[in-house]
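K.L.:
Got a structure for you, input16.txt, holding compact mmCIF, C-alpha atoms.
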```txt
# COMPACT_ATOMS: atom_id res chain seq x y z
CA MET A 1 23.01 23.32 31.12
CA LEU A 2 21.80 20.40 29.05
CA GLN A 3 24.49 18.15 27.70
CA SER A 4 23.98 17.42 24.00
CA ILE A 5 24.01 13.90 22.59
CA PRO A 6 26.93 13.23 20.22
CA LEU A 7 26.18 12.71 16.53
CA GLU A 8 27.74 9.22 16.57
CA TYR A 9 24.97 7.86 18.81
CA TYR A 10 22.31 8.83 16.30
CA LEU A 11 24.34 7.29 13.48
CA ILE A 12 24.82 4.02 15.40
CA ILE A 13 21.09 3.75 16.23
CA SER A 14 20.24 4.51 12.63
CA ALA A 15 22.66 1.84 11.34
CA THR A 16 21.22 -0.70 13.80
CA ILE A 17 17.64 -0.03 12.70
CA PHE A 18 18.69 -0.18 9.04
CA ILE A 19 20.29 -3.60 9.59
CA ILE A 20 17.17 -4.82 11.42
CA GLY A 21 15.06 -3.69 8.47
CA ALA A 22 17.37 -5.39 5.97
CA LEU A 23 17.24 -8.63 7.99
CA GLY A 24 13.44 -8.41 7.95
CA VAL A 25 13.41 -8.09 4.16
CA ILE A 26 15.77 -11.08 3.81
CA THR A 27 14.20 -13.48 6.29
CA ARG A 28 10.43 -12.94 6.17
CA ARG A 29 8.07 -14.35 3.55
CA ASN A 30 4.94 -12.31 4.25
CA ALA A 31 4.82 -9.46 1.71
CA ILE A 32 3.23 -7.03 4.18
CA ILE A 33 5.97 -7.60 6.77
CA ILE A 34 8.60 -7.14 4.06
CA PHE A 35 6.87 -3.88 3.19
CA MET A 36 7.02 -2.78 6.84
CA SER A 37 10.73 -3.66 6.99
CA ILE A 38 11.30 -1.38 4.00
CA GLU A 39 9.56 1.39 5.95
CA LEU A 40 11.98 0.69 8.84
CA MET A 41 14.96 1.19 6.53
CA LEU A 42 13.52 4.42 5.08
CA ASN A 43 13.00 5.74 8.60
CA SER A 44 16.53 4.96 9.73
CA VAL A 45 17.85 6.97 6.79
CA ASN A 46 15.51 9.81 7.78
CA LEU A 47 17.01 9.78 11.27
CA THR A 48 20.51 10.14 9.79
CA LEU A 49 19.39 13.04 7.60
CA VAL A 50 17.76 14.89 10.52
CA ALA A 51 20.81 14.30 12.75
CA PHE A 52 23.21 15.73 10.15
CA SER A 53 20.86 18.61 9.43
CA THR A 54 20.81 19.59 13.11
CA PHE A 55 24.52 19.16 13.66
CA LEU A 56 25.53 21.07 10.52
CA GLY A 57 22.95 23.83 11.06
CA ASP A 58 21.52 23.35 7.56
CA ALA A 59 17.83 22.93 6.71
CA SER A 60 18.42 20.83 3.54
CA GLY A 61 18.50 17.55 5.46
CA GLN A 62 15.04 18.11 6.90
CA ILE A 63 13.71 19.10 3.47
CA PHE A 64 15.02 15.79 2.11
CA VAL A 65 13.23 13.97 4.94
CA PHE A 66 10.03 15.68 3.79
CA PHE A 67 10.54 14.33 0.25
CA VAL A 68 11.46 10.85 1.49
CA MET A 69 8.21 10.80 3.48
CA SER A 70 6.18 11.79 0.40
CA VAL A 71 7.79 9.07 -1.69
CA ALA A 72 7.18 6.56 1.13
CA ALA A 73 3.50 7.52 1.17
CA ALA A 74 3.24 6.99 -2.59
CA GLU A 75 5.09 3.69 -2.23
CA ALA A 76 2.69 2.59 0.53
CA ALA A 77 -0.37 3.23 -1.64
CA VAL A 78 1.00 1.44 -4.72
CA GLY A 79 2.69 -1.37 -2.76
CA LEU A 80 -0.41 -2.27 -0.79
CA ALA A 81 -2.51 -2.14 -3.97
CA ILE A 82 -0.07 -4.63 -5.52
CA VAL A 83 -0.39 -6.87 -2.44
CA LEU A 84 -4.19 -6.75 -2.79
CA ALA A 85 -4.06 -7.56 -6.50
CA LEU A 86 -1.60 -10.38 -5.81
CA PHE A 87 -3.85 -11.86 -3.13
CA ARG A 88 -6.81 -11.70 -5.47
CA ALA A 89 -4.96 -13.47 -8.27
CA LYS A 90 -2.91 -16.03 -6.32
CA LYS A 91 -4.67 -16.39 -2.93
CA THR A 92 -1.34 -15.95 -1.18
CA ILE A 93 0.95 -13.12 -0.13
CA TYR A 94 3.96 -15.28 0.68
CA VAL A 95 6.67 -14.10 -1.65
CA ASP A 96 8.28 -17.52 -2.08
CA GLU A 97 5.03 -18.93 -3.48
CA VAL A 98 4.70 -16.27 -6.16
CA ASN A 99 6.39 -16.83 -9.51
CA ILE A 100 4.29 -14.92 -12.06
CA LEU A 101 7.36 -13.07 -13.33
CA LYS A 102 9.30 -16.32 -13.81
CA TRP A 103 9.18 -18.12 -17.17
CA MET B 1 23.78 12.07 33.34
CA THR B 2 21.40 14.87 32.60
CA ILE B 3 17.73 14.39 31.86
CA ASN B 4 18.09 14.51 28.06
CA VAL B 5 20.73 11.77 28.04
CA ILE B 6 18.36 9.53 30.02
CA VAL B 7 15.43 10.33 27.71
CA PHE B 8 17.61 9.69 24.66
CA GLY B 9 18.70 6.32 26.05
CA ILE B 10 15.13 5.21 26.74
CA LEU B 11 13.94 6.35 23.30
CA ALA B 12 16.86 4.63 21.55
CA ILE B 13 16.40 1.31 23.37
CA LEU B 14 12.64 1.30 22.81
CA ALA B 15 13.09 2.20 19.13
CA VAL B 16 15.47 -0.72 18.52
CA ALA B 17 13.31 -3.10 20.60
CA SER B 18 10.12 -2.22 18.72
CA ALA B 19 11.97 -2.58 15.40
CA LEU B 20 12.90 -6.11 16.52
CA VAL B 21 9.26 -6.79 17.46
CA THR B 22 8.29 -5.69 13.94
CA ILE B 23 10.48 -8.19 12.14
CA LEU B 24 10.24 -11.06 14.67
CA SER B 25 6.53 -11.45 15.46
CA LYS B 26 4.57 -14.15 13.67
CA HIS B 27 1.31 -12.30 13.17
CA PRO B 28 1.36 -9.24 10.86
CA ILE B 29 -0.92 -7.18 13.10
CA ARG B 30 1.59 -7.49 15.96
CA SER B 31 4.31 -6.36 13.56
CA ALA B 32 2.19 -3.37 12.59
CA MET B 33 1.65 -2.37 16.22
CA GLY B 34 5.41 -2.66 16.87
CA LEU B 35 6.02 -0.42 13.88
CA VAL B 36 3.53 2.21 15.10
CA PHE B 37 5.36 2.25 18.46
CA HIS B 38 8.68 2.52 16.60
CA PHE B 39 7.42 5.56 14.66
CA PHE B 40 6.44 7.30 17.90
CA MET B 41 9.88 6.63 19.39
CA LEU B 42 11.50 8.02 16.22
CA ALA B 43 9.34 11.14 16.56
CA GLY B 44 10.76 11.49 20.08
CA LEU B 45 14.30 11.20 18.70
CA TYR B 46 13.52 13.91 16.13
CA LEU B 47 12.30 16.13 18.97
CA SER B 48 15.57 15.52 20.81
CA LEU B 49 17.29 16.89 17.68
CA SER B 50 14.88 19.89 17.87
CA ALA B 51 13.32 18.98 14.51
CA GLN B 52 9.76 19.74 15.60
CA PHE B 53 8.13 19.92 12.17
CA ILE B 54 9.60 16.59 11.09
CA ALA B 55 8.48 15.00 14.38
CA ALA B 56 4.91 16.17 13.80
CA LEU B 57 5.02 14.91 10.20
CA GLN B 58 6.35 11.56 11.39
CA VAL B 59 3.33 11.04 13.65
CA LEU B 60 0.82 12.36 11.11
CA VAL B 61 2.10 10.71 7.94
CA TYR B 62 3.71 7.49 9.15
CA ALA B 63 1.92 6.54 12.37
CA GLY B 64 -1.32 8.02 11.07
CA ALA B 65 -1.78 7.59 7.34
CA ILE B 66 0.60 4.83 6.24
CA MET B 67 0.01 2.50 9.18
CA VAL B 68 -3.78 2.87 8.91
CA LEU B 69 -3.43 1.73 5.30
CA VAL B 70 -1.28 -1.25 6.35
CA VAL B 71 -3.64 -2.31 9.15
CA PHE B 72 -6.59 -1.94 6.78
CA VAL B 73 -4.95 -4.26 4.23
CA ILE B 74 -4.10 -6.81 6.95
CA MET B 75 -7.75 -6.72 8.00
CA LEU B 76 -8.97 -7.12 4.40
CA LEU B 77 -6.75 -10.12 3.77
CA ASN B 78 -7.62 -11.75 7.11
CA LEU B 79 -4.11 -13.16 7.55
CA SER B 80 -3.11 -15.79 10.06
CA ASP B 81 0.24 -16.64 11.63
CA GLU B 82 3.07 -17.12 9.19
CA GLU B 83 4.47 -20.63 8.91
CA SER B 84 8.22 -20.92 8.89
CA LEU B 85 10.16 -21.15 5.66
CA LYS B 86 9.80 -24.34 3.66
CA TYR B 87 13.36 -24.52 2.39
CA LYS B 88 16.35 -24.82 4.68
CA ILE B 89 18.42 -21.75 5.23
CA ASN B 90 21.84 -21.97 3.65
CA PRO B 91 24.60 -21.64 6.30
CA ARG B 92 26.54 -19.45 3.90
CA GLN B 93 23.68 -16.96 3.82
CA VAL B 94 23.65 -16.90 7.62
CA MET B 95 27.39 -16.25 7.59
CA GLY B 96 26.94 -13.47 5.07
CA VAL B 97 24.32 -11.77 7.20
CA ALA B 98 26.47 -12.16 10.34
CA LEU B 99 29.51 -10.73 8.57
CA GLY B 100 27.53 -7.82 7.18
CA THR B 101 26.28 -7.03 10.66
CA ALA B 102 29.79 -7.26 12.08
CA LEU B 103 31.03 -4.92 9.36
CA LEU B 104 28.40 -2.36 10.24
CA VAL B 105 29.24 -2.57 13.93
CA MET B 106 32.85 -1.90 13.05
CA LEU B 107 31.81 1.05 10.88
CA GLY B 108 29.94 2.42 13.88
CA ALA B 109 33.06 2.02 16.02
CA ILE B 110 35.12 3.86 13.42
CA TYR B 111 32.60 6.70 13.38
CA ALA B 112 32.76 6.85 17.15
CA THR B 113 36.53 7.25 17.18
CA ASN B 114 37.21 9.48 14.18
CA MET B 115 34.33 11.92 14.08
CA SER B 116 34.74 14.31 16.97
CA SER B 117 31.64 16.30 16.07
CA GLY B 118 31.13 17.69 19.57
CA SER B 119 27.96 19.67 20.12
CA TYR B 120 25.83 21.95 17.98
CA ASP B 121 24.34 25.39 18.42
CA ALA B 122 20.96 24.73 20.02
CA GLY B 123 19.59 28.15 19.06
CA ILE B 124 20.27 27.67 15.33
CA ALA B 125 18.93 24.10 15.47
CA GLN B 126 15.67 25.29 16.98
CA GLU B 127 15.26 27.96 14.31
CA ILE B 128 15.86 25.43 11.52
CA GLY B 129 13.31 22.87 12.69
CA THR B 130 10.24 25.12 12.75
CA ALA B 131 7.40 24.76 10.27
CA ASP B 132 7.93 28.44 9.45
CA ASN B 133 11.52 28.02 8.28
CA LEU B 134 10.98 24.69 6.49
CA GLY B 135 7.86 26.04 4.76
CA LYS B 136 9.80 29.04 3.48
CA GLU B 137 12.58 26.76 2.21
CA LEU B 138 10.08 24.42 0.50
CA TYR B 139 8.27 27.21 -1.33
CA THR B 140 11.34 29.16 -2.40
CA ASN B 141 14.47 27.05 -2.98
CA TYR B 142 12.72 23.72 -3.40
CA ILE B 143 9.59 24.72 -5.32
CA LEU B 144 10.33 22.46 -8.33
CA PRO B 145 10.77 19.27 -6.22
CA VAL B 146 7.54 20.12 -4.38
CA GLU B 147 5.67 20.29 -7.69
CA ALA B 148 7.29 17.02 -8.79
CA ILE B 149 6.21 15.36 -5.53
CA GLY B 150 2.66 16.56 -6.15
CA LEU B 151 2.72 14.94 -9.59
CA LEU B 152 4.18 11.73 -8.13
CA LEU B 153 1.48 11.50 -5.46
CA THR B 154 -1.26 12.03 -8.06
CA ALA B 155 0.22 9.29 -10.24
CA ALA B 156 0.49 7.00 -7.21
CA ILE B 157 -3.17 7.53 -6.25
CA VAL B 158 -4.35 6.79 -9.80
CA GLY B 159 -2.02 3.78 -10.03
CA ALA B 160 -3.19 2.38 -6.71
CA MET B 161 -6.84 2.67 -7.72
CA VAL B 162 -6.25 0.97 -11.07
CA LEU B 163 -4.21 -1.83 -9.47
CA ALA B 164 -6.66 -2.50 -6.68
CA LYS B 165 -9.66 -2.51 -9.00
CA ARG B 166 -8.62 -4.62 -11.96
CA LYS B 167 -8.36 -8.39 -11.77
CA LEU B 168 -4.96 -9.84 -12.54
CA SER B 169 -5.36 -12.48 -15.22
```
As structure tokens, what does this structure read like?
P.N.:
Amino acid sequence: MLQSIPLEYYLIISATIFIIGALGVITRRNAIIIFMSIELMLNSVNLTLVAFSTFLGDASGQIFVFFVMSVAAAEAAVGLAIVLALFRAKKTIYVDEVNILKW
Amino acid sequence: MTINVIVFGILAILAVASALVTILSKHPIRSAMGLVFHFFMLAGLYLSLSAQFIAALQVLVYAGAIMVLVVFVIMLLNLSDEESLKYKINPRQVMGVALGTALLVMLGAIYATNMSSGSYDAGIAQEIGTADNLGKELYTNYILPVEAIGLLLTAAIVGAMVLAKRKLS
């Protein structure tokens, strides 16, 4: 008989990964690494949704994960296009050197 | 200690470690490789929750499509190692981050004491996670969100092409 893993463990891992992602967004200056940290945070939330879906016996959580993944894909396409446009205009992707929205 | 507890422990440790590699390495390509590894470990965790369809999607969409895009952009930009920040980090910010982390650790401890969730019905969980069941749900109860997502993806593709083509003046 396999012993099942308690829900709390999944939640704690998910919180840890979310914090790591948030720290990445705060401390890095490379726009692509910030983008990857955002993906980390999205994925930790997905893990929470799947864990609750399994433990509650309800499919809605996994459907939400499907939608989060679609939105993340759209975000990846647009975000990386913005990074490309930014690099073309400013020759840098370090976010602390960019101030086009400041006046 | 049964086999699935050991597998879960390995997956969890590797997932957190590769997440740390992602945010700590200097070169973006190393970050990207850490993130690909992280996505595979997360797919393993989804499998341990018997969410097979989501695990497959994780590998296909994240580790496949999104990370290829990221690596392609890194290659296009020909980036080098990131220099450290030019301004000094405010000690108050460091304290804020440390306190926030401590708060989340405490939240985790509270979860661990108060939520006696116990175990779940493995049979029901396996039925939920199949592509069959999720596909039926998507095309019956969630048909409107699916259409909206289709519209969003189309808009995103057009937007990405316009943004990447035009010169910013």
K.L.:
To one decimal place, how far is CA of Leu56 in chain A from CA of Tyr120 in chain B in Å?
P.N.:
7.5 Å
K.L.:
Smallest atom-to-atom distance to chain A: which of B:Ile143, B:Ala65, B:Leu99, B:Met41, using all atoms listed in the file?
P.N.:
B:Ala65
K.L.:
Identify which of the residues A:Asn99, A:Ser60, A:Thr48, A:Thr54 lies closest to chain B, counting all atoms listed in the file when measuring atom-to-atom distances.
P.N.:
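Closest candidate: A:Thr54.
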K.L.:
Is it possible to get the residues within 12 Å of (21.4, 16.6, 8.6) (coordinates as in the file, counting all atoms listed in the file) written as number ranges by chain?
P.N.:
A: 7, 10-11, 45-65; B: 46, 49-51, 120, 125, 128-129
K.L.:
Which residues are near range 82-86 of chain A? Cut-off 8 Å, all atoms listed in the file, ignore same chain within fewer than 2 positions. Put them as a list in words.
P.N.:
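Once the adjacent positions are removed, what remains is Ala31, Ile32, Val78, Gly79, Leu80, Arg88, Ala89, Lys90, Lys91, Thr92 and Ile93 of chain A; Val73, Leu77, Ala160, Leu163, Ala164, Lys165, Arg166, Lys167 and Leu168 of chain B.
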K.L.:
Separation of CA of Val94 in chain B and CA of Gly24 in chain A, in Å?
P.N.:
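CA of Gly24 in chain A lies at a distance of 13.3 Å from CA of Val94 in chain B.
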K.L.:
What is the CA of Glu8 in chain A to CA of Ala19 in chain B distance in Å?
P.N.:
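According to the coordinates, CA of Glu8 in chain A and CA of Ala19 in chain B are separated by 19.7 Å.
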K.L.:
Using only C-alpha atoms for the distances, tell me which of A:Thr27, A:Tyr94, A:Ile33, A:Ser44 is nearest to Ala15 in chain A.
P.N.:
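Smallest separation from Ala15 in chain A among the options: A:Ser44.
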K.L.:
Name all residues at most 12 Å from Ser31 in chain B (count all atoms listed in the file; drop same-chain ones fewer than 3 positions away) and give them as a ChimeraX atom specification.
P.N.:
/A:24,28,30,32-37,40 /B:17-28,34-38,67,70-71,74,81-82
K.L.:
Would you kindly return, as a list in words, each protein, DNA or RNA residue with an atom no farther than 8 Å from any atom of Ala22 in chain A, considering all atoms listed in the file and excluding same-chain residues fewer than 2 positions away?
P.N.:
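Listing them by chain and then by number gives Phe18, Ile19, Ile20, Gly24, Val25, Ile26, Ser37, Ile38 and Met41 of chain A.
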K.L.:
Give me, as a ChimeraX atom specification, all polymer residues having an atom no more than 7 Å from Phe53 in chain B, counting only C-alpha atoms and skipping those fewer than 2 positions away in the same chain.
P.N.:
/B:51,55-57,129-131
K.L.:
How would the residues just picked look written out with C-alpha atoms as a PDB file, in the coordinates of the input?
P.N.:
```pdb
ATOM      1  CA  ALA B  51      13.320  18.980  14.510  1.00  0.00           C
ATOM      2  CA  ALA B  55       8.480  15.000  14.380  1.00  0.00           C
ATOM      3  CA  ALA B  56       4.910  16.170  13.800  1.00  0.00           C
ATOM      4  CA  LEU B  57       5.020  14.910  10.200  1.00  0.00           C
ATOM      5  CA  GLY B 129      13.310  22.870  12.690  1.00  0.00           C
ATOM      6  CA  THR B 130      10.240  25.120  12.750  1.00  0.00           C
ATOM      7  CA  ALA B 131       7.400  24.760  10.270  1.00  0.00           C
TER       8      ALA B 131
END
```
K.L.:
Write out as JSON, numbers by chain the residues lying within 12 Å of Pro145 in chain B, counting only C-alpha atoms and excluding same-chain residues fewer than 4 positions away.
P.N.:
{"A": [63, 64, 66, 67, 68, 70, 71], "B": [137, 138, 139, 140, 141, 149, 150, 151, 152]}
